[in-house]
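The next block is target_24.txt, given as compact mmCIF, C-alpha atoms and all ligand atoms.
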```txt
# COMPACT_ATOMS: atom_id res chain seq x y z
CA MET A 7 80.02 -139.39 149.58
CA LYS A 8 77.02 -137.68 151.17
CA PHE A 9 76.08 -134.18 150.01
CA ALA A 10 77.81 -132.28 152.84
CA THR A 11 81.06 -134.08 152.06
CA LYS A 12 80.74 -133.63 148.32
CA VAL A 13 80.49 -129.82 148.54
CA ILE A 14 83.88 -129.78 150.27
CA HIS A 15 85.72 -132.63 148.55
CA ALA A 16 84.18 -133.86 145.29
CA GLY A 17 86.58 -133.17 142.42
CA ILE A 18 88.70 -130.96 144.67
CA THR A 19 92.27 -131.93 145.57
CA PRO A 20 95.10 -129.71 146.79
CA ASP A 21 96.85 -127.99 143.89
CA PRO A 22 99.51 -130.43 142.59
CA SER A 23 102.17 -127.76 141.94
CA THR A 24 102.12 -126.07 145.38
CA GLY A 25 99.83 -128.05 147.70
CA ALA A 26 97.48 -125.04 148.03
CA VAL A 27 94.38 -126.35 149.80
CA MET A 28 92.09 -123.86 148.04
CA THR A 29 91.80 -124.17 144.28
CA PRO A 30 93.96 -121.36 142.85
CA ILE A 31 92.57 -118.76 140.44
CA TYR A 32 94.44 -119.60 137.24
CA GLN A 33 94.30 -116.10 135.76
CA THR A 34 95.94 -116.94 132.47
CA SER A 35 94.84 -116.99 128.85
CA THR A 36 97.38 -119.52 127.59
CA TYR A 37 99.77 -122.28 128.69
CA VAL A 38 103.35 -122.97 127.65
CA GLN A 39 103.97 -126.05 125.49
CA GLU A 40 107.17 -128.11 125.78
CA ALA A 41 107.13 -128.89 122.07
CA PRO A 42 104.42 -128.36 119.44
CA GLY A 43 101.37 -130.29 120.66
CA LYS A 44 103.18 -131.46 123.81
CA HIS A 45 101.37 -129.91 126.79
CA LYS A 46 99.78 -130.72 130.15
CA GLY A 47 96.20 -130.87 128.82
CA TYR A 48 95.80 -127.09 128.80
CA GLU A 49 96.33 -125.13 125.58
CA TYR A 50 94.17 -122.00 125.60
CA ALA A 51 91.87 -120.72 128.35
CA ARG A 52 88.65 -120.53 126.34
CA THR A 53 89.02 -124.28 125.88
CA GLN A 54 90.33 -125.28 129.33
CA ASN A 55 91.08 -123.59 132.63
CA PRO A 56 92.08 -125.53 135.77
CA THR A 57 89.88 -123.44 138.12
CA ARG A 58 86.91 -124.06 135.85
CA THR A 59 87.72 -127.77 135.59
CA VAL A 60 87.57 -128.16 139.38
CA LEU A 61 84.23 -126.33 139.52
CA GLU A 62 82.84 -128.50 136.72
CA ASN A 63 83.92 -131.71 138.41
CA ASN A 64 82.42 -130.58 141.71
CA LEU A 65 79.09 -129.56 140.14
CA ALA A 66 78.85 -132.86 138.27
CA ALA A 67 79.11 -134.68 141.60
CA LEU A 68 76.52 -132.44 143.32
CA GLU A 69 73.91 -133.28 140.67
CA ASN A 70 74.87 -136.97 140.46
CA GLY A 71 75.93 -136.43 136.85
CA THR A 72 79.06 -137.43 134.96
CA HIS A 73 80.00 -134.02 133.54
CA ALA A 74 79.26 -130.35 134.15
CA ILE A 75 79.95 -127.62 131.62
CA CYS A 76 80.15 -124.03 132.86
CA PHE A 77 79.15 -120.84 131.07
CA SER A 78 79.35 -117.12 131.65
CA SER A 79 75.73 -116.99 132.88
CA GLY A 80 72.66 -119.14 133.35
CA LEU A 81 71.25 -117.81 130.10
CA ALA A 82 74.50 -118.57 128.24
CA ALA A 83 74.11 -122.16 129.50
CA MET A 84 70.52 -122.21 128.22
CA ASP A 85 71.70 -120.76 124.90
CA ALA A 86 74.01 -123.78 124.53
CA VAL A 87 71.11 -126.20 125.12
CA LEU A 88 68.99 -124.42 122.50
CA LYS A 89 71.90 -124.39 120.04
CA THR A 90 71.85 -128.19 119.92
CA LEU A 91 68.53 -127.83 118.03
CA ASN A 92 68.07 -127.36 114.28
CA PRO A 93 65.69 -125.07 112.36
CA GLY A 94 62.25 -126.72 112.36
CA ASP A 95 62.74 -128.33 115.76
CA GLU A 96 60.25 -127.40 118.46
CA ILE A 97 60.53 -126.75 122.18
CA LEU A 98 57.75 -127.55 124.62
CA SER A 99 58.18 -125.37 127.66
CA THR A 100 56.44 -124.82 130.96
CA ASN A 101 54.24 -121.70 130.80
CA ASP A 102 55.42 -120.40 134.17
CA LEU A 103 59.12 -119.66 133.91
CA TYR A 104 61.98 -117.23 134.32
CA GLY A 105 61.39 -114.18 132.11
CA GLY A 106 64.85 -114.31 130.56
CA SER A 107 64.32 -117.93 129.50
CA TYR A 108 61.05 -116.95 127.81
CA ARG A 109 62.78 -114.04 126.09
CA LEU A 110 65.62 -116.23 124.78
CA MET A 111 63.20 -118.74 123.27
CA ARG A 112 60.80 -116.17 121.83
CA ARG A 113 62.98 -113.27 120.76
CA VAL A 114 66.20 -115.03 119.78
CA PHE A 115 65.66 -118.64 118.75
CA GLU A 116 62.35 -118.12 116.93
CA LYS A 117 64.32 -115.98 114.46
CA TYR A 118 66.28 -119.11 113.56
CA GLY A 119 63.20 -121.27 113.02
CA ILE A 120 63.12 -122.91 116.45
CA VAL A 121 59.60 -122.48 117.79
CA SER A 122 58.57 -122.74 121.45
CA THR A 123 55.13 -123.66 122.76
CA PHE A 124 54.28 -122.80 126.36
CA ILE A 125 51.97 -125.22 128.15
CA ASP A 126 51.11 -126.54 131.60
CA LEU A 127 53.72 -129.29 131.82
CA GLY A 128 52.10 -130.45 135.04
CA ASN A 129 49.11 -131.84 133.15
CA PRO A 130 50.10 -135.16 131.49
CA ALA A 131 47.17 -135.02 129.03
CA THR A 132 48.16 -131.51 127.89
CA LEU A 133 51.76 -132.63 127.54
CA LYS A 134 50.86 -135.75 125.52
CA ALA A 135 48.60 -133.73 123.22
CA ALA A 136 51.27 -131.09 122.62
CA LEU A 137 54.10 -133.51 121.74
CA ASN A 138 54.62 -133.90 118.01
CA GLU A 139 57.26 -135.28 115.64
CA ASN A 140 59.16 -131.96 115.66
CA THR A 141 59.38 -131.77 119.46
CA LYS A 142 63.04 -132.13 120.39
CA LEU A 143 63.32 -130.40 123.77
CA ILE A 144 61.20 -130.18 126.92
CA TRP A 145 61.96 -127.14 129.08
CA ALA A 146 60.90 -127.55 132.71
CA GLU A 147 61.47 -125.30 135.70
CA THR A 148 60.48 -126.34 139.22
CA PRO A 149 59.66 -124.83 141.61
CA THR A 150 58.59 -122.16 139.15
CA ASN A 151 59.46 -118.52 139.25
CA PRO A 152 57.69 -116.63 140.77
CA MET A 153 54.49 -118.67 141.28
CA LEU A 154 56.23 -121.52 143.12
CA ASN A 155 54.33 -124.18 141.21
CA VAL A 156 55.83 -127.62 141.43
CA LEU A 157 56.25 -129.96 138.47
CA ASP A 158 56.61 -133.73 138.82
CA ILE A 159 59.94 -134.26 137.03
CA GLN A 160 59.69 -138.06 137.05
CA ALA A 161 56.14 -138.02 135.62
CA ILE A 162 57.15 -135.59 132.82
CA CYS A 163 60.17 -137.75 131.90
CA GLU A 164 58.01 -140.89 131.82
CA VAL A 165 55.37 -139.36 129.53
CA VAL A 166 58.00 -137.91 127.16
CA LYS A 167 60.37 -140.89 127.05
CA ASN A 168 57.50 -143.34 126.47
CA ILE A 169 56.57 -141.43 123.35
CA ASP A 170 60.11 -140.69 122.11
CA PRO A 171 63.21 -141.50 124.18
CA LEU A 172 65.29 -139.17 121.99
CA ILE A 173 63.49 -136.01 123.16
CA THR A 174 65.75 -134.13 125.57
CA VAL A 175 64.31 -133.17 128.94
CA CYS A 176 66.10 -130.20 130.51
CA VAL A 177 65.25 -129.02 134.02
CA ASP A 178 66.17 -125.55 135.23
CA ASN A 179 67.07 -126.44 138.82
CA THR A 180 68.08 -122.94 139.88
CA PHE A 181 65.28 -122.42 142.43
CA ALA A 182 65.82 -125.71 144.22
CA SER A 183 69.65 -125.87 144.07
CA PRO A 184 71.43 -129.23 143.90
CA TYR A 185 70.98 -129.62 147.65
CA LEU A 186 67.19 -129.82 147.48
CA GLN A 187 66.57 -131.64 144.20
CA ASN A 188 68.50 -133.73 141.66
CA PRO A 189 66.59 -133.97 138.34
CA LEU A 190 69.05 -136.39 136.67
CA ASP A 191 68.05 -138.99 139.28
CA LEU A 192 64.41 -138.49 138.24
CA GLY A 193 65.03 -139.13 134.53
CA ALA A 194 66.03 -135.72 133.16
CA ASP A 195 68.84 -135.54 130.59
CA VAL A 196 70.20 -132.07 131.35
CA VAL A 197 70.13 -129.90 134.48
CA LEU A 198 70.63 -126.16 134.19
CA HIS A 199 71.78 -123.90 137.00
CA SER A 200 72.08 -120.20 137.21
CA ALA A 201 74.95 -120.45 139.71
CA THR A 202 74.42 -116.72 140.15
CA LYS A 203 71.76 -117.73 142.71
CA TYR A 204 72.06 -120.41 145.43
CA ILE A 205 75.26 -122.06 144.18
CA GLY A 206 77.27 -118.82 144.35
CA GLY A 207 75.07 -117.75 147.23
CA HIS A 208 76.68 -114.39 148.02
CA SER A 209 75.36 -112.16 145.22
CA ASP A 210 78.87 -111.60 143.89
CA LEU A 211 79.02 -113.46 140.59
CA VAL A 212 77.16 -114.37 137.40
CA LEU A 213 77.71 -117.92 136.15
CA GLY A 214 75.78 -120.80 134.59
CA ALA A 215 76.20 -124.55 134.38
CA LEU A 216 74.78 -127.59 132.62
CA VAL A 217 75.07 -131.03 134.18
CA VAL A 218 74.56 -134.25 132.19
CA LYS A 219 74.91 -137.98 132.77
CA ASP A 220 76.37 -139.16 129.48
CA GLU A 221 79.51 -138.43 127.51
CA ALA A 222 77.87 -137.79 124.14
CA ARG A 223 75.81 -134.90 125.51
CA ALA A 224 78.79 -133.62 127.50
CA ASN A 225 80.90 -133.50 124.34
CA GLU A 226 78.20 -131.63 122.48
CA PHE A 227 78.18 -128.97 125.24
CA TYR A 228 82.00 -128.84 125.54
CA PHE A 229 82.06 -128.23 121.79
CA LEU A 230 79.61 -125.32 122.12
CA GLN A 231 81.42 -123.95 125.19
CA ASN A 232 84.62 -123.71 123.15
CA ALA A 233 83.11 -122.88 119.74
CA VAL A 234 80.86 -120.09 121.04
CA GLY A 235 83.11 -118.97 123.91
CA ALA A 236 80.58 -117.89 126.57
CA ILE A 237 82.90 -119.07 129.33
CA PRO A 238 83.08 -117.90 132.96
CA GLY A 239 86.33 -116.27 134.11
CA PRO A 240 88.58 -118.06 136.62
CA GLN A 241 87.78 -115.57 139.41
CA ASP A 242 84.05 -116.30 139.10
CA CYS A 243 84.75 -120.05 139.08
CA PHE A 244 86.71 -119.60 142.30
CA LEU A 245 83.88 -117.61 143.90
CA ALA A 246 81.37 -120.29 142.90
CA LEU A 247 83.61 -122.99 144.43
CA ARG A 248 83.89 -120.94 147.60
CA GLY A 249 80.12 -120.45 147.75
CA ILE A 250 79.43 -124.15 147.22
CA LYS A 251 81.34 -125.11 150.37
CA THR A 252 78.44 -123.79 152.49
CA LEU A 253 75.58 -124.54 150.07
CA HIS A 254 73.93 -127.11 152.33
CA LEU A 255 74.21 -124.90 155.44
CA ARG A 256 72.86 -121.82 153.71
CA VAL A 257 69.97 -123.59 151.99
CA GLU A 258 69.04 -125.44 155.18
CA ARG A 259 68.74 -122.16 157.11
CA THR A 260 66.99 -120.44 154.23
CA CYS A 261 64.34 -123.18 154.15
CA GLN A 262 63.72 -122.88 157.91
CA ASN A 263 63.38 -119.11 157.65
CA ALA A 264 61.09 -119.36 154.61
CA GLU A 265 58.72 -121.66 156.46
CA ARG A 266 58.37 -119.16 159.32
CA VAL A 267 57.93 -116.19 156.98
CA ALA A 268 55.30 -118.05 154.90
CA GLU A 269 53.31 -118.95 158.03
CA THR A 270 53.37 -115.36 159.27
CA LEU A 271 52.22 -113.97 155.91
CA ALA A 272 49.44 -116.57 155.62
CA ASN A 273 47.98 -115.25 158.88
CA HIS A 274 48.33 -111.56 158.00
CA PRO A 275 45.07 -109.64 157.32
CA LYS A 276 46.57 -107.59 154.46
CA VAL A 277 47.81 -110.66 152.59
CA SER A 278 45.35 -112.43 150.29
CA LYS A 279 47.44 -115.36 149.14
CA VAL A 280 50.78 -116.96 149.91
CA TYR A 281 52.55 -119.18 147.40
CA TYR A 282 54.81 -121.64 149.21
CA PRO A 283 55.13 -125.37 148.40
CA GLY A 284 55.60 -126.20 152.09
CA PHE A 285 51.91 -125.60 152.79
CA GLU A 286 49.83 -128.78 152.85
CA HIS A 287 47.11 -127.09 150.78
CA HIS A 288 49.61 -126.08 148.06
CA ALA A 289 48.70 -127.98 144.86
CA GLY A 290 52.25 -129.28 144.47
CA HIS A 291 52.93 -130.09 148.12
CA ALA A 292 52.90 -133.89 147.78
CA ILE A 293 55.22 -133.80 144.76
CA ALA A 294 57.57 -131.34 146.47
CA LYS A 295 57.68 -133.57 149.52
CA ARG A 296 58.66 -136.52 147.35
CA GLN A 297 61.13 -134.88 145.00
CA MET A 298 62.74 -132.20 147.20
CA ARG A 299 64.69 -132.38 150.43
CA HIS A 300 62.91 -129.28 151.82
CA PHE A 301 60.54 -126.71 150.35
CA GLY A 302 63.02 -124.04 149.34
CA GLY A 303 63.71 -120.44 150.26
CA MET A 304 61.31 -118.63 147.94
CA VAL A 305 57.94 -117.26 149.04
CA SER A 306 55.58 -115.18 146.89
CA PHE A 307 52.49 -113.42 148.17
CA ASP A 308 49.63 -111.27 146.95
CA LEU A 309 47.87 -108.40 148.68
CA VAL A 310 44.23 -107.88 149.60
CA ALA A 311 44.68 -104.38 148.15
CA ASP A 312 45.23 -105.76 144.67
CA SER A 313 47.16 -102.88 143.09
CA PHE A 314 50.62 -101.86 142.01
CA GLU A 315 50.43 -98.86 144.41
CA ALA A 316 49.89 -101.13 147.43
CA ALA A 317 52.73 -103.40 146.36
CA GLU A 318 54.97 -100.37 145.93
CA LYS A 319 54.40 -99.37 149.57
CA VAL A 320 55.51 -102.76 150.81
CA LEU A 321 58.43 -102.91 148.37
CA SER A 322 59.82 -99.61 149.52
CA GLY A 323 58.86 -100.16 153.17
CA THR A 324 61.29 -102.91 154.14
CA HIS A 325 64.72 -102.30 155.62
CA LEU A 326 66.30 -105.76 155.86
CA PHE A 327 64.75 -107.05 152.63
CA SER A 328 66.53 -105.19 149.81
CA LEU A 329 64.53 -104.33 146.73
CA ALA A 330 66.50 -106.13 144.04
CA GLU A 331 66.36 -108.68 141.27
CA SER A 332 67.99 -112.06 141.73
CA LEU A 333 67.69 -114.58 144.56
CA GLY A 334 69.56 -117.24 146.46
CA GLY A 335 72.02 -115.03 148.33
CA VAL A 336 72.69 -114.90 152.06
CA GLU A 337 70.74 -111.63 152.28
CA SER A 338 66.97 -111.44 151.94
CA LEU A 339 65.62 -109.76 148.82
CA ILE A 340 62.17 -108.48 147.92
CA GLY A 341 61.05 -108.10 144.32
CA HIS A 342 58.15 -107.16 142.11
CA PRO A 343 58.01 -109.69 139.25
CA ALA A 344 55.52 -107.72 137.09
CA SER A 345 57.87 -104.74 136.78
CA MET A 346 61.23 -106.42 137.37
CA THR A 347 62.12 -110.04 136.56
CA HIS A 348 59.02 -110.74 134.46
CA ALA A 349 58.53 -107.40 132.73
CA SER A 350 59.39 -109.03 129.38
CA ILE A 351 56.31 -111.30 129.59
CA PRO A 352 53.12 -109.71 128.16
CA ARG A 353 50.58 -108.69 130.85
CA GLU A 354 47.75 -110.99 129.66
CA GLN A 355 50.17 -113.92 129.66
CA ARG A 356 51.28 -112.97 133.21
CA LEU A 357 47.74 -112.67 134.56
CA LYS A 358 46.85 -116.11 133.18
CA VAL A 359 49.30 -117.73 135.61
CA GLY A 360 48.33 -115.51 138.56
CA LEU A 361 51.23 -113.10 138.22
CA THR A 362 49.26 -109.98 139.17
CA ASP A 363 50.44 -106.38 139.49
CA SER A 364 50.51 -106.75 143.30
CA LEU A 365 52.42 -110.03 143.50
CA ILE A 366 55.55 -109.76 145.66
CA ARG A 367 58.40 -112.26 145.61
CA LEU A 368 60.76 -112.91 148.49
CA SER A 369 64.13 -114.58 148.40
CA ILE A 370 64.70 -115.49 152.01
CA GLY A 371 68.26 -115.17 153.30
CA VAL A 372 70.02 -116.65 156.30
CA GLU A 373 69.35 -113.79 158.76
CA ASP A 374 67.40 -114.28 161.99
CA ALA A 375 63.80 -115.22 161.13
CA ASP A 376 62.30 -112.96 163.84
CA ASP A 377 63.99 -109.89 162.37
CA LEU A 378 62.80 -110.78 158.86
CA ILE A 379 59.23 -111.22 160.10
CA ASP A 380 59.27 -107.88 161.97
CA ASP A 381 60.58 -106.16 158.85
CA LEU A 382 57.75 -107.53 156.66
CA LYS A 383 55.09 -106.76 159.27
CA SER A 384 56.15 -103.12 159.53
CA ALA A 385 56.26 -102.79 155.72
CA LEU A 386 52.72 -104.20 155.45
CA GLU A 387 51.59 -101.52 157.93
CA LYS A 388 52.41 -98.91 155.25
CA ILE A 389 49.51 -99.99 152.99
C1 LIG B 401 68.46 -116.10 137.14
C2 LIG B 401 67.84 -117.25 136.47
C3 LIG B 401 68.23 -117.68 135.20
C4 LIG B 401 69.28 -116.92 134.39
O1 LIG B 401 70.54 -116.97 134.97
P1 LIG B 401 71.65 -115.81 134.80
O2 LIG B 401 72.81 -116.35 135.54
O3 LIG B 401 71.07 -114.56 135.34
O4 LIG B 401 71.88 -115.71 133.31
C5 LIG B 401 67.63 -118.79 134.66
N1 LIG B 401 66.66 -119.45 135.34
C6 LIG B 401 66.25 -119.08 136.56
C7 LIG B 401 65.19 -119.86 137.24
C8 LIG B 401 66.81 -117.97 137.16
O5 LIG B 401 66.37 -117.58 138.37
```

Mind turning this structure into structure tokens?
Amino acid sequence: MKFATKVIHAGITPDPSTGAVMTPIYQTSTYVQEAPGKHKGYEYARTQNPTRTVLENNLAALENGTHAICFSSGLAAMDAVLKTLNPGDEILSTNDLYGGSYRLMRRVFEKYGIVSTFIDLGNPATLKAALNENTKLIWAETPTNPMLNVLDIQAICEVVKNIDPLITVCVDNTFASPYLQNPLDLGADVVLHSATKYIGGHSDLVLGALVVKDEARANEFYFLQNAVGAIPGPQDCFLALRGIKTLHLRVERTCQNAERVAETLANHPKVSKVYYPGFEHHAGHAIAKRQMRHFGGMVSFDLVADSFEAAEKVLSGTHLFSLAESLGGVESLIGHPASMTHASIPREQRLKVGLTDSLIRLSIGVEDADDLIDDLKSALEKI
């Protein structure tokens, strides 16, 4: 099946008990057994839920994996990946990543003796030098948040697997969505999604997923899903399934809009820099062109007036772009990483990767591009 068919049909069949075309919301905590141990494969809803099963089967197909395991949030999914490690194990992570991921590694897992080192994963020499016998997990995110840097997933996997094939490579694929990029095909072992973003797509749920391509890893994550219990509810699984049906259409439109917005900003006198992998001069353009279907719906930009005050004027000056955290919904959002999504990262660390006090991040929605452009132009007038 091609992608547009998979979003509608993969793993989804009409409900066997009623013929309902849409996957029902199985709002139940338990299932009746005919005799002790004699049941239909469902015993207790932390362990299995039919709505969740359909979502997991669908997501596995979208990422060309064999299994998907869903969690109550993207960070709960990441927590499960980190819980496969033992005290003394080390994580090598990209140095430009989602603030919550950084916080989980630094403030939670370091307490249990699992240390993370943050490096430029895009530099093979740096990566090789940083790998050591304790390294058990590589954490990659591409395109990165909010700097829109692009990592070569295949190159990272080759460097790592040549040194030690047992090191796990996990790619946070939230920014690209399964429509634009499939890391398992490029050699990664685990794909993480915050389905809260593009997969759900309507800013109405919080949910996370891991996708893998082998049974041993899947079983490890199913074990943690059940043993820890950070499961999504059936209503959220239903909403994710509903969102997925239009994933390709939404992301397609978002990418077209983002390209137009990025071009407009690049030519604006009050804008100093635009971060968008679709530009030919973007350092990761060639890689993005090879590993992604399009260049994504995220655009970040910096202001000539390099100050928080200037950024504040733009942030409160838009009408269509809502000032909010998150991304990937049908509506356009505007955000200020330094004070919002990335506030948990120390300032010096932020500045090192170009995340200044005036950096503005846009999540482009599926509205009319002309209206979005007019909205940004009038907000920039306020500086
Ligand atoms: C939002 C986000 C997460 C965390 O997901 P939640 O569903 O909010 O827990 C992880 N990675 C990236 C890139 C994100 O944007």

Identify, counting only C-alpha atoms and all ligand atoms, the protein, DNA and RNA residues located within 6 Å of ligand LIG 401 (chain B), and give them as a PyMOL selection string. chain A and resi 79-81+104+180-181+200+202+212-214

If we count only C-alpha atoms, what is near Thr53 (chain A) at a cut-off of 10 Å, once residues fewer than 6 positions away on the same chain are taken out, given as a ChimeraX atom specification? /A:35-36,228-229,231-233,235,237

Pick out the residues sitting within 10 Å of Arg58 (chain A), and hand them over as a PDB file with C-alpha atoms, in the frame of the given file; count only C-alpha atoms, and ignore anything fewer than 6 positions along from it in its own chain.
```pdb
ATOM      1  CA  THR A  29      91.800-124.170 144.280  1.00  0.00           C
ATOM      2  CA  ILE A  31      92.570-118.760 140.440  1.00  0.00           C
ATOM      3  CA  TYR A  32      94.440-119.600 137.240  1.00  0.00           C
ATOM      4  CA  ALA A  51      91.870-120.720 128.350  1.00  0.00           C
ATOM      5  CA  ASN A  64      82.420-130.580 141.710  1.00  0.00           C
ATOM      6  CA  ILE A  75      79.950-127.620 131.620  1.00  0.00           C
ATOM      7  CA  CYS A  76      80.150-124.030 132.860  1.00  0.00           C
ATOM      8  CA  PHE A  77      79.150-120.840 131.070  1.00  0.00           C
ATOM      9  CA  ILE A 237      82.900-119.070 129.330  1.00  0.00           C
ATOM     10  CA  PRO A 238      83.080-117.900 132.960  1.00  0.00           C
ATOM     11  CA  GLY A 239      86.330-116.270 134.110  1.00  0.00           C
ATOM     12  CA  PRO A 240      88.580-118.060 136.620  1.00  0.00           C
ATOM     13  CA  GLN A 241      87.780-115.570 139.410  1.00  0.00           C
ATOM     14  CA  ASP A 242      84.050-116.300 139.100  1.00  0.00           C
ATOM     15  CA  CYS A 243      84.750-120.050 139.080  1.00  0.00           C
ATOM     16  CA  PHE A 244      86.710-119.600 142.300  1.00  0.00           C
ATOM     17  CA  ALA A 246      81.370-120.290 142.900  1.00  0.00           C
ATOM     18  CA  LEU A 247      83.610-122.990 144.430  1.00  0.00           C
TER      19      LEU A 247
END
```

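Excluding Val197 (chain A) itself and any same-chain residue fewer than 3 positions from it, the protein and nucleic acid residues within 7 Å of it, counting all atoms listed in the file, are Cys176, Val177, Asp178, Asn179, Pro189, Leu190, Leu216, Val217 and Val218 of chain A.
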
Check the smallest atom-to-atom distance from each of A:Leu329, A:Val257, A:Ala215, A:Ile18 to Ser78 (chain A) using all atoms listed in the file, then report the winner. A:Ala215

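Of the listed residues (A:Gln355, A:Thr150, A:Ser183, A:Asn263), A:Thr150 comes nearest to Ser306 (chain A); the distances count all atoms listed in the file.
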
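With all atoms listed in the file as the atoms that count, the residue of A:Leu245, A:Val359, A:Cys261, A:Ala222 with the shortest distance to Leu61 (chain A) is A:Leu245.
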
Hey, which of A:Asp210, A:Asp170, A:Glu226, A:Asp102 ends up closest to Thr90 (chain A)? Count only C-alpha atoms. A:Glu226

Residues within 10 Å of Leu103 (chain A), please, as JSON, numbers by chain. Count only C-alpha atoms; anything in the same chain fewer than 5 positions from it doesn't count. {"A": [108, 124, 145, 146, 147, 148, 149, 150, 151, 152, 153, 154, 155, 178, 348, 351]}

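Of the listed residues A:Ala311, A:Leu253, A:Ala86, A:Ala16, the one whose atoms come nearest to Ala182 (chain A) is A:Leu253, with distances taken using all atoms listed in the file.
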
For Lys383 (chain A), please output as a PyMOL selection string all residues within 12 Å (counting only C-alpha atoms; exclusion window: fewer than 3 positions along the same chain). chain A and resi 267+270-277+320+323-327+376-380+386-389

Could you check which residues have any atom within 12 Å of (75.7, -116.5, 148.3), counting all atoms listed in the file with coordinates taken straight from the file, and then list them as a PyMOL selection string? chain A and resi 183+201-212+245-257+260+332-338+369-372

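With all atoms listed in the file as the atoms that count, the residue of A:Ala289, A:Val175, A:Leu365, A:Val27 with the shortest distance to Ile14 (chain A) is A:Val27.
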